[in-house]
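Participant: Next comes entry-v9.txt, compact mmCIF, C-alpha atoms and all ligand atoms:
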# COMPACT_ATOMS: atom_id res chain seq x y z
CA MET A 1 10.97 2.64 3.49
CA GLU A 2 13.39 2.42 6.39
CA GLU A 3 13.18 4.78 9.35
CA ALA A 4 16.36 6.84 9.50
CA HIS A 5 15.89 8.76 12.74
CA VAL A 6 15.89 5.92 15.26
CA LEU A 7 18.17 2.91 15.06
CA VAL A 8 17.16 -0.38 16.64
CA ASP A 9 20.19 -2.42 17.71
CA GLY A 10 22.28 -0.07 15.60
CA GLU A 11 20.25 -0.66 12.43
CA ARG A 12 17.46 1.01 10.54
CA CYS A 13 14.11 -0.78 10.71
CA SER A 14 10.91 -0.78 8.68
CA ALA A 15 9.42 2.72 8.84
CA SER A 16 5.85 1.47 8.76
CA ILE A 17 6.36 -1.03 11.58
CA PHE A 18 8.23 1.68 13.54
CA ASP A 19 5.36 4.16 13.10
CA PHE A 20 2.80 1.51 13.98
CA ALA A 21 4.69 0.50 17.13
CA LEU A 22 5.14 4.06 18.35
CA TYR A 23 1.51 4.96 17.75
CA PHE A 24 0.20 1.71 19.20
CA PHE A 25 2.35 1.82 22.33
CA HIS A 26 1.27 5.35 23.19
CA ASN A 27 -2.37 5.34 22.06
CA ALA A 28 -3.87 1.86 21.89
CA LYS A 29 -5.20 1.71 25.45
CA ALA A 30 -6.58 5.24 25.28
CA ALA A 31 -8.27 4.41 21.95
CA VAL A 32 -9.88 1.29 23.44
CA ALA A 33 -11.03 3.28 26.47
CA ALA A 34 -12.57 5.86 24.16
CA GLY A 35 -14.33 3.06 22.24
CA PHE A 36 -12.62 4.08 19.04
CA GLY A 37 -9.79 2.00 17.69
CA PRO A 38 -6.99 1.21 17.42
CA TYR A 39 -7.67 1.25 13.67
CA PHE A 40 -5.08 1.11 10.88
CA TYR A 41 -4.92 1.40 7.14
CA LEU A 42 -2.30 -0.90 5.64
CA PRO A 43 -0.98 0.52 2.37
CA LYS A 44 1.10 -0.60 -0.62
CA MET A 45 0.91 -4.35 0.01
CA GLU A 46 1.97 -6.56 -2.84
CA SER A 47 1.41 -10.01 -1.35
CA TYR A 48 -0.72 -11.98 1.11
CA LEU A 49 2.57 -12.74 2.87
CA GLU A 50 2.82 -9.08 3.87
CA ALA A 51 -0.70 -9.38 5.25
CA ARG A 52 0.48 -12.38 7.26
CA LEU A 53 3.42 -10.34 8.57
CA TRP A 54 1.09 -7.53 9.66
CA ASN A 55 -1.17 -10.03 11.37
CA ASP A 56 1.86 -11.29 13.31
CA VAL A 57 2.86 -7.71 14.14
CA PHE A 58 -0.66 -7.01 15.43
CA ASN A 59 -0.66 -10.17 17.55
CA VAL A 60 2.72 -9.43 19.14
CA ALA A 61 1.71 -5.81 19.82
CA GLN A 62 -1.61 -6.79 21.42
CA ASP A 63 0.04 -9.49 23.53
CA GLU A 64 2.74 -7.04 24.70
CA LEU A 65 0.13 -4.53 25.91
CA GLY A 66 -2.18 -7.20 27.29
CA LEU A 67 -4.98 -6.35 24.86
CA PRO A 68 -7.11 -9.19 23.50
CA ARG A 69 -6.21 -10.38 20.01
CA GLY A 70 -8.63 -8.88 17.51
CA THR A 71 -8.74 -5.49 19.29
CA ILE A 72 -6.94 -3.93 16.33
CA ARG A 73 -8.97 -3.48 13.17
CA GLY A 74 -7.09 -3.05 9.92
CA THR A 75 -8.19 -2.16 6.41
CA VAL A 76 -5.87 -3.09 3.59
CA LEU A 77 -5.54 -0.75 0.67
CA ILE A 78 -5.66 -2.70 -2.53
CA GLU A 79 -3.45 -0.32 -4.41
CA THR A 80 -1.05 -2.52 -6.32
CA ILE A 81 -1.95 -4.56 -9.35
CA VAL A 82 -0.45 -7.71 -7.82
CA ALA A 83 -2.56 -7.37 -4.66
CA ALA A 84 -5.67 -7.22 -6.84
CA PHE A 85 -4.98 -10.85 -7.70
CA GLN A 86 -4.78 -11.81 -3.98
CA MET A 87 -7.76 -10.12 -2.34
CA ASP A 88 -9.21 -13.31 -0.85
CA GLU A 89 -5.83 -14.37 0.48
CA ILE A 90 -5.20 -10.96 2.07
CA ILE A 91 -8.56 -10.98 3.86
CA TYR A 92 -7.87 -14.54 5.01
CA GLU A 93 -4.45 -13.72 6.45
CA LEU A 94 -5.83 -10.79 8.44
CA ARG A 95 -9.10 -12.51 9.32
CA GLU A 96 -8.78 -11.83 13.08
CA HIS A 97 -8.20 -8.14 12.43
CA SER A 98 -9.73 -7.29 9.07
CA SER A 99 -12.29 -4.53 8.64
CA GLY A 100 -12.11 -4.77 4.90
CA LEU A 101 -10.35 -3.61 1.78
CA ASN A 102 -10.05 -0.14 0.28
CA CYS A 103 -9.69 0.98 -3.33
CA GLY A 104 -6.49 3.02 -3.20
CA ARG A 105 -7.12 4.29 -6.68
CA TRP A 106 -4.17 6.61 -7.32
CA ASP A 107 -1.51 4.21 -6.10
CA TYR A 108 -3.25 1.50 -8.08
CA ILE A 109 -2.82 3.43 -11.33
CA PHE A 110 0.80 4.08 -10.36
CA SER A 111 1.35 0.38 -9.71
CA VAL A 112 -0.14 -0.65 -13.06
CA ILE A 113 2.19 1.71 -14.92
CA LYS A 114 5.18 0.74 -12.77
CA LYS A 115 4.77 -3.02 -13.02
CA PHE A 116 4.22 -3.01 -16.78
CA ARG A 117 6.42 -0.08 -17.68
CA HIS A 118 8.56 -2.16 -20.04
CA ASP A 119 5.56 -3.29 -22.08
CA PRO A 120 4.28 -0.75 -24.63
CA ARG A 121 0.81 -2.34 -24.58
CA PHE A 122 0.28 -0.79 -21.15
CA THR A 123 1.00 2.77 -22.26
CA LEU A 124 -1.71 4.93 -20.72
CA PRO A 125 -3.07 8.26 -22.02
CA ASN A 126 -3.02 11.55 -20.07
CA ARG A 127 -3.65 11.10 -16.38
CA SER A 128 -6.92 13.07 -16.67
CA ASP A 129 -8.25 10.46 -19.13
CA VAL A 130 -7.65 7.57 -16.73
CA THR A 131 -10.83 7.59 -14.68
CA MET A 132 -12.65 5.16 -12.42
CA THR A 133 -14.67 4.01 -15.42
CA SER A 134 -11.55 2.99 -17.40
CA PRO A 135 -11.87 -0.79 -17.92
CA PHE A 136 -9.06 -1.85 -15.56
CA MET A 137 -10.24 0.49 -12.79
CA ASP A 138 -13.88 -0.50 -13.12
CA ALA A 139 -12.95 -4.21 -13.04
CA TYR A 140 -10.87 -3.76 -9.90
CA VAL A 141 -13.59 -1.87 -8.04
CA ARG A 142 -16.23 -4.47 -8.88
CA LEU A 143 -13.99 -7.36 -7.90
CA LEU A 144 -13.06 -5.71 -4.61
CA ILE A 145 -16.71 -5.13 -3.66
CA LYS A 146 -17.71 -8.66 -4.59
CA THR A 147 -14.77 -10.21 -2.71
CA CYS A 148 -15.32 -8.16 0.45
CA HIS A 149 -19.04 -8.85 0.60
CA LEU A 150 -18.54 -12.56 0.05
CA ARG A 151 -16.23 -12.51 3.10
CA GLY A 152 -18.43 -10.18 5.19
CA VAL A 153 -16.00 -7.24 5.38
CA HIS A 154 -16.23 -3.62 4.25
CA ALA A 155 -15.46 -2.51 0.71
CA MET A 156 -14.23 1.06 1.08
CA GLY A 157 -14.15 3.56 -1.75
CA GLY A 158 -11.37 6.00 -2.52
CA MET A 159 -10.50 9.63 -2.80
CA ALA A 160 -11.70 12.02 -5.49
CA ALA A 161 -8.93 14.47 -6.39
CA GLN A 162 -11.13 17.58 -6.39
CA ILE A 163 -10.98 19.98 -3.46
CA PRO A 164 -12.88 23.24 -2.83
CA ILE A 165 -11.86 26.08 -5.17
CA LYS A 166 -11.79 29.40 -3.37
CA GLY A 167 -12.90 32.64 -5.07
CA ASP A 168 -14.53 31.02 -8.12
CA ALA A 169 -18.06 29.83 -7.37
CA LYS A 170 -18.63 28.31 -10.81
CA ALA A 171 -15.40 26.29 -10.83
CA ASN A 172 -16.05 25.27 -7.23
CA GLN A 173 -19.55 24.01 -8.09
CA ALA A 174 -18.14 21.99 -10.99
CA ALA A 175 -15.52 20.43 -8.68
CA MET A 176 -18.10 19.62 -6.00
CA ASP A 177 -20.38 18.07 -8.65
CA LYS A 178 -17.49 15.78 -9.65
CA VAL A 179 -16.98 14.67 -6.06
CA ARG A 180 -20.72 14.03 -5.70
CA ALA A 181 -20.82 11.96 -8.90
CA ASP A 182 -17.81 9.97 -7.69
CA LYS A 183 -19.43 9.21 -4.31
CA ARG A 184 -22.72 8.31 -5.99
CA ARG A 185 -20.91 5.91 -8.33
CA GLU A 186 -19.22 4.32 -5.33
CA VAL A 187 -22.34 3.80 -3.23
CA LEU A 188 -24.36 2.51 -6.18
CA ALA A 189 -21.57 0.05 -7.04
CA GLY A 190 -21.87 -1.40 -3.51
CA HIS A 191 -19.16 0.33 -1.48
CA ASP A 192 -19.80 0.54 2.28
CA GLY A 193 -17.94 3.78 2.93
CA THR A 194 -15.47 6.15 1.36
CA TRP A 195 -12.67 8.70 1.76
CA VAL A 196 -12.62 12.45 1.23
CA ALA A 197 -9.64 14.77 0.97
CA HIS A 198 -11.05 17.86 2.65
CA PRO A 199 -13.54 18.57 5.46
CA ALA A 200 -15.88 20.45 3.09
CA LEU A 201 -16.44 17.21 1.17
CA VAL A 202 -17.72 15.22 4.15
CA ALA A 203 -21.30 16.50 3.79
CA ILE A 204 -21.37 15.64 0.08
CA ALA A 205 -20.14 12.09 0.68
CA LEU A 206 -22.53 11.61 3.61
CA GLU A 207 -25.49 12.87 1.60
CA GLU A 208 -24.83 10.41 -1.22
CA PHE A 209 -24.20 7.47 1.12
CA ASP A 210 -27.17 8.27 3.39
CA LYS A 211 -29.50 8.62 0.40
CA ASN A 212 -28.37 5.43 -1.31
CA MET A 213 -27.31 3.24 1.63
CA PRO A 214 -30.02 3.20 4.31
CA SER A 215 -28.35 0.28 6.12
CA ALA A 216 -25.04 0.32 8.03
CA ASN A 217 -23.29 -1.42 5.16
CA GLN A 218 -24.11 -3.16 1.89
CA PHE A 219 -22.83 -6.65 2.68
CA HIS A 220 -26.14 -7.90 1.24
CA VAL A 221 -25.12 -6.48 -2.17
CA ARG A 222 -23.30 -9.63 -3.24
CA ARG A 223 -22.55 -8.50 -6.81
CA GLU A 224 -23.10 -12.01 -8.11
CA ASP A 225 -23.44 -10.39 -11.53
CA VAL A 226 -19.71 -9.60 -11.41
CA ALA A 227 -17.30 -11.94 -13.19
CA VAL A 228 -13.91 -10.22 -13.39
CA SER A 229 -11.10 -12.09 -15.11
CA GLY A 230 -7.35 -11.49 -14.96
CA ALA A 231 -7.62 -10.04 -18.46
CA ASP A 232 -10.23 -7.53 -17.23
CA LEU A 233 -7.89 -6.39 -14.44
CA LEU A 234 -5.21 -5.84 -17.08
CA ASN A 235 -7.41 -4.13 -19.68
CA THR A 236 -5.73 -0.73 -19.86
CA ASN A 237 -7.36 0.21 -23.15
CA VAL A 238 -8.81 3.66 -22.41
CA VAL A 239 -11.10 4.37 -25.34
CA GLY A 240 -10.77 7.96 -26.57
CA GLY A 241 -7.78 8.65 -24.28
CA LYS A 242 -5.01 10.83 -25.71
CA ILE A 243 -1.47 11.81 -24.87
CA THR A 244 -1.08 15.53 -25.40
CA GLU A 245 1.67 18.10 -24.86
CA GLY A 246 -0.61 19.53 -22.16
CA GLY A 247 -0.58 16.12 -20.48
CA VAL A 248 3.22 16.01 -20.58
CA ARG A 249 3.38 19.53 -19.12
CA ASP A 250 0.84 18.75 -16.41
CA ASN A 251 2.73 15.65 -15.31
CA ILE A 252 6.01 17.54 -15.18
CA SER A 253 4.58 20.56 -13.43
CA VAL A 254 2.61 18.51 -10.86
CA GLY A 255 5.57 16.19 -10.24
CA LEU A 256 7.93 19.12 -9.76
CA ILE A 257 5.67 21.17 -7.50
CA TYR A 258 4.81 18.11 -5.46
CA MET A 259 8.43 17.06 -5.00
CA ALA A 260 9.51 20.58 -4.12
CA ASN A 261 6.80 20.62 -1.43
CA TRP A 262 7.63 17.13 -0.21
CA LEU A 263 11.30 18.09 0.16
CA ASN A 264 10.04 21.03 2.18
CA GLY A 265 7.96 18.87 4.54
CA SER A 266 4.44 18.71 2.99
CA GLY A 267 2.95 15.37 1.96
CA CYS A 268 -0.40 16.62 0.56
CA VAL A 269 -0.39 19.63 -1.68
CA PRO A 270 -3.17 21.51 -3.49
CA ILE A 271 -1.93 21.93 -7.09
CA HIS A 272 -4.07 23.31 -9.95
CA ASN A 273 -7.15 22.85 -7.70
CA LEU A 274 -6.57 19.14 -7.11
CA MET A 275 -5.28 17.34 -4.04
CA GLU A 276 -1.94 15.86 -5.00
CA ASP A 277 -0.12 13.36 -2.87
CA ALA A 278 2.80 10.98 -3.32
CA ALA A 279 0.64 8.59 -5.37
CA THR A 280 -0.37 11.23 -7.92
CA ALA A 281 3.22 12.45 -8.21
CA GLU A 282 4.21 8.82 -8.80
CA ILE A 283 1.66 8.56 -11.61
CA SER A 284 3.07 11.75 -13.14
CA ARG A 285 6.70 10.66 -13.24
CA SER A 286 5.83 7.04 -14.18
CA GLN A 287 3.82 8.20 -17.15
CA LEU A 288 6.72 10.33 -18.31
CA TYR A 289 9.08 7.39 -17.98
CA GLN A 290 6.68 5.17 -19.91
CA TRP A 291 6.00 7.67 -22.68
CA VAL A 292 9.70 8.39 -23.21
CA ARG A 293 10.72 4.75 -23.01
CA HIS A 294 8.20 3.74 -25.65
CA ALA A 295 8.65 6.89 -27.75
CA ALA A 296 4.92 7.57 -27.45
CA ARG A 297 3.48 10.30 -29.67
CA THR A 298 1.33 13.19 -28.59
CA ASP A 299 -1.94 13.74 -30.48
CA ASP A 300 -0.16 16.22 -32.77
CA GLY A 301 2.44 13.60 -33.77
CA THR A 302 5.36 14.79 -31.62
CA VAL A 303 7.52 11.90 -30.40
CA ILE A 304 8.16 12.10 -26.65
CA THR A 305 11.94 11.80 -26.59
CA PRO A 306 14.25 12.35 -23.59
CA GLU A 307 15.19 15.73 -25.13
CA PHE A 308 11.53 16.76 -25.48
CA ALA A 309 10.82 15.80 -21.85
CA ALA A 310 13.96 17.62 -20.64
CA ARG A 311 12.99 20.78 -22.58
CA ILE A 312 9.52 20.81 -21.03
CA LEU A 313 11.01 20.16 -17.59
CA GLY A 314 13.18 23.27 -18.03
CA GLU A 315 10.24 25.35 -19.27
CA GLU A 316 7.91 24.26 -16.45
CA ALA A 317 10.62 24.80 -13.82
CA ALA A 318 11.20 28.32 -15.18
CA LYS A 319 7.54 29.16 -14.49
CA LEU A 320 7.96 28.44 -10.76
CA ASP A 321 9.08 30.89 -8.19
CA ARG A 322 12.14 29.82 -6.16
CA LYS A 323 11.00 31.90 -3.19
CA SER A 324 7.85 29.79 -2.80
CA HIS A 325 9.78 26.64 -3.71
CA PRO A 326 13.21 26.84 -2.07
CA THR A 327 13.87 23.17 -2.88
CA LEU A 328 13.00 23.54 -6.57
CA ASP A 329 16.51 22.82 -7.88
CA LEU A 330 16.66 19.55 -6.00
CA ALA A 331 13.18 18.64 -7.27
CA VAL A 332 14.28 19.39 -10.86
CA GLU A 333 17.32 17.15 -10.38
CA TYR A 334 15.26 14.28 -8.99
CA MET A 335 12.49 14.67 -11.56
CA GLY A 336 15.05 14.91 -14.37
CA SER A 337 16.55 11.59 -13.30
CA GLN A 338 13.22 9.80 -13.75
CA ILE A 339 12.05 11.02 -17.13
CA THR A 340 14.67 9.93 -19.60
CA GLY A 341 13.21 6.41 -19.91
CA THR A 342 16.31 4.83 -18.40
CA ARG A 343 16.40 5.27 -14.62
CA TYR A 344 13.32 4.34 -12.62
CA ASP A 345 13.50 4.34 -8.84
CA ASP A 346 11.05 2.24 -6.87
CA PHE A 347 9.44 5.20 -5.13
CA LEU A 348 9.91 8.98 -5.29
CA THR A 349 9.69 9.10 -1.52
CA THR A 350 12.58 6.68 -0.99
CA LEU A 351 14.51 8.52 -3.70
CA CYS A 352 14.06 11.86 -1.92
CA TYR A 353 14.12 10.64 1.69
CA GLU A 354 17.84 10.95 2.31
CA SER A 355 17.62 14.63 1.36
CA ILE A 356 15.26 15.36 4.23
CA VAL A 357 16.69 13.25 7.04
CA LYS A 358 18.97 14.73 9.61
CA THR A 359 20.61 11.91 11.45
CA GLU A 360 23.47 13.55 13.35
CA ASP A 361 21.42 13.16 16.51
CA CYS A 362 19.91 9.86 15.51
CA ALA A 363 18.37 8.11 18.53
CA LYS A 364 19.40 4.57 19.35
CA LEU A 365 17.12 1.97 20.96
C1 LIG B 401 -4.00 8.25 -2.06
C2 LIG B 401 -4.74 9.06 -1.24
O1 LIG B 401 -5.61 9.67 -1.67
S1 LIG B 401 -4.23 9.05 0.34
C3 LIG B 401 -4.87 10.46 0.95
C4 LIG B 401 -3.89 11.49 1.19
N1 LIG B 401 -4.47 12.78 1.07
C5 LIG B 401 -5.25 13.36 2.00
O2 LIG B 401 -5.61 12.77 3.00
C6 LIG B 401 -5.64 14.75 1.69
C7 LIG B 401 -5.78 15.53 2.94
N2 LIG B 401 -6.11 16.92 2.59
C8 LIG B 401 -5.24 17.90 2.73
O3 LIG B 401 -4.10 17.69 3.10
C9 LIG B 401 -5.73 19.30 2.45
O4 LIG B 401 -7.12 19.29 2.38
C10 LIG B 401 -5.20 19.91 1.14
C11 LIG B 401 -3.67 19.97 1.19
C12 LIG B 401 -5.64 19.12 -0.07
C13 LIG B 401 -5.78 21.32 1.04
O5 LIG B 401 -5.39 22.00 2.21
P1 LIG B 401 -5.64 23.57 2.40
O6 LIG B 401 -5.19 24.29 1.17
O7 LIG B 401 -5.07 23.95 3.72
O8 LIG B 401 -7.21 23.63 2.46
P2 LIG B 401 -8.10 24.82 3.01
O9 LIG B 401 -7.34 26.09 3.00
O10 LIG B 401 -9.38 24.81 2.25
O11 LIG B 401 -8.40 24.34 4.48
C14 LIG B 401 -9.41 24.93 5.29
C15 LIG B 401 -9.24 24.43 6.70
O12 LIG B 401 -9.48 23.02 6.74
C16 LIG B 401 -8.34 22.34 7.24
N3 LIG B 401 -8.19 21.10 6.50
C17 LIG B 401 -8.00 20.95 5.17
N4 LIG B 401 -7.94 19.64 4.88
C18 LIG B 401 -8.08 18.96 6.03
C19 LIG B 401 -8.11 17.58 6.36
N5 LIG B 401 -7.97 16.64 5.42
N6 LIG B 401 -8.30 17.22 7.63
C20 LIG B 401 -8.44 18.16 8.59
N7 LIG B 401 -8.43 19.50 8.35
C21 LIG B 401 -8.25 19.88 7.07
C22 LIG B 401 -7.18 23.29 6.98
O13 LIG B 401 -6.12 23.04 7.87
C23 LIG B 401 -7.83 24.62 7.23
O14 LIG B 401 -7.95 24.82 8.61
P3 LIG B 401 -7.81 26.27 9.28
O15 LIG B 401 -8.93 27.08 8.71
O16 LIG B 401 -7.93 26.02 10.74
O17 LIG B 401 -6.46 26.78 8.85
O1 LIG B 402 -3.75 5.54 -1.24
C1 LIG B 402 -4.74 5.85 -1.86
C2 LIG B 402 -4.77 6.01 -3.29
O2 LIG B 402 -5.82 6.37 -3.86
O3 LIG B 402 -3.71 5.80 -3.90
The structure given in the file should be rewritten as structure tokens.
Ligand SMILES: CC(=O)SCCNC(=O)CCNC(=O)[C@H](O)C(C)(C)COP(=O)(O)OP(=O)(O)OC[C@H]1O[C@@H](n2cnc3c(N)ncnc32)[C@H](O)[C@@H]1OP(=O)(O)O
Ligand SMILES: O=CC(=O)O
Facilitator:
Amino acid sequence: MEEAHVLVDGERCSASIFDFALYFFHNAKAAVAAGFGPYFYLPKMESYLEARLWNDVFNVAQDELGLPRGTIRGTVLIETIVAAFQMDEIIYELREHSSGLNCGRWDYIFSVIKKFRHDPRFTLPNRSDVTMTSPFMDAYVRLLIKTCHLRGVHAMGGMAAQIPIKGDAKANQAAMDKVRADKRREVLAGHDGTWVAHPALVAIALEEFDKNMPSANQFHVRREDVAVSGADLLNTNVVGGKITEGGVRDNISVGLIYMANWLNGSGCVPIHNLMEDAATAEISRSQLYQWVRHAARTDDGTVITPEFAARILGEEAAKLDRKSHPTLDLAVEYMGSQITGTRYDDFLTTLCYESIVKTEDCAKL
């Protein structure tokens, strides 16, 4: 993405480098003084060459502020299928600054669908059936842990989608149990730490990690038992997974509500008791594209045609209240453009970005 609000030498520049530079310039010394940082997560990488670029960016930034090289610690999210084939190279490129790798699970699913969207063999079932134990997800987690521990860096887990459910103790307990099971699976697989979406989940994650990881990390868990091949990383056969009309509706409804919120300024949105972010909205619209493009059938035999998807889009949009979602019409337009199996934009966020920028007073550096 390119930053639209500040031009450098009259041109837009990389939004991520812009954000990094602004944050680093204003906070790095204070973070060092506080003994905490500067730390960064590096998302969406597709190549070790991007890791090399970030290493260069870190070096220039540290030199500019007179901070020793290696002050910055960065963790790379392995969240694209192509990066999963370059984990060693990515750690190597960032070796002066690397804290480890992270399993960015939702973007990873999005990337698998996106990269192979023209190949019907990669058609995935309903999003709810694609779990961390699906063969391609399990293979990626095991390979990431093994690779990190071989190189002496942290293998971080990811984010469970469940968040606290208010006013329904039973449903809340079931959601919290899912988060606990997810954190337990992570620590027992060899992860050294994890992410949570909501403050109420910190205690659950800590309990599972404290109970099962008495040491500061699990670098000693070398996972020499793990032998993950390229074919394992690409094994998207989800046994028992189904495409259902409910799955089509969920994807459309989540995609729509998320985009309407994003266009209104929110990047993380609680929808149907799950934390939804750009990555999960990307999964939703990518699945719709894939199902329509390959004329997938729901479990009751209905072919998912562009007309079927458009009808459900209309029905799901009609259920939403325009007062709570003032940008709904725009979201319907954007969503509609992505689900006919023909147009597929690289990212929803870049697709929608121009609708939220106001550049009349654009600053110039
Ligand atoms: C791919 C990835 O997974 S990348 C990760 C991107 N996603 C995230 O990081 C998720 C972050 N989480 C969130 O944004 C929020 O938790 C949501 C949107 C899911 C839910 O938010 P809410 O509906 O406001 O939750 P809720 O009402 O239970 O919040 C209770 C309090 O905790 C605060 N809170 C909720 N989540 C967070 C958080 N992640 N960090 C700090 N404070 C939080 C709320 O602001 C609220 O504070 P208040 O009582 O002072 O108003
Ligand atoms: O970025 C994180 C993810 O899970 O996707």
Participant: Near range 50-65 of chain A, counting only C-alpha atoms, which residues have an atom at most 7 Å away, once you skip same-chain residues fewer than 6 positions from it, shown as a list in words?
Facilitator: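 Within the cut-off, the hits are Ile90, Glu93 and Leu94 of chain A.
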Participant: Could you give me, as a ChimeraX atom specification, the residues within 10 Å of Lys115 in chain A, counting all atoms listed in the file and dropping anything in the same chain fewer than 6 positions from it?
Facilitator: /A:80-82,122
Participant: When the cut-off is 12 Å and you count only C-alpha atoms and all ligand atoms, which residues lie near ligand LIG 401 (chain B), shown as a PyMOL selection string?
Facilitator: chain A and resi 41-44+77-80+102-110+157-167+172+194-202+258+261-262+266-283
Participant: Which of these, A:Pro120, A:Lys29, A:Leu67, A:Met156, has the shortest distance to ligand LIG 402 (chain B) once you count all atoms listed in the file?
Facilitator: A:Met156
Participant: Have a look at A:Met137, A:Glu11, A:Pro38, A:Ala33 and name the one nearest to ligand LIG 402 (chain B); count all atoms listed in the file.
Facilitator: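 Closest to ligand LIG 402 (chain B) of all the choices is A:Met137.
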Participant: I need the residue nearest ligand LIG 402 (chain B) from this list: A:Leu188, A:Val221, A:Leu101, A:Met176. Use only C-alpha atoms and all ligand atoms for the distance.
Facilitator: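 Ranking A:Leu188, A:Val221, A:Leu101, A:Met176 by distance to ligand LIG 402 (chain B), first place goes to A:Leu101.
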Participant: Go through A:Gln287, A:Gln338, A:Thr75, A:Ser324 one by one, measure the shortest atom-to-atom distance of each to ligand LIG 402 (chain B) using all atoms listed in the file, and give the residue with the smallest value.
Facilitator: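 Distance minimum relative to ligand LIG 402 (chain B) lands on A:Thr75.
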Participant: Calculate how many Å separate CA of Ala295 in chain A from CA of Leu124 in chain A, rounding to one decimal.
Facilitator: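 We find that CA of Ala295 in chain A and CA of Leu124 in chain A lie 12.7 Å from each other.
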Participant: Quick one: distance from CA of Met335 in chain A to CA of Val6 in chain A in Å, one decimal?
Facilitator: 28.4 Å
Participant: Just give me the gap between CA of Lys319 in chain A and CA of Pro125 in chain A in Å, one decimal is fine.
Facilitator: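 It comes out at 24.6 Å.
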Participant: With only C-alpha atoms and all ligand atoms as the basis for distance, which of A:Thr123, A:Ser355, A:Thr131, A:Thr350 is at the shortest distance from ligand LIG 402 (chain B)?
Facilitator: A:Thr131
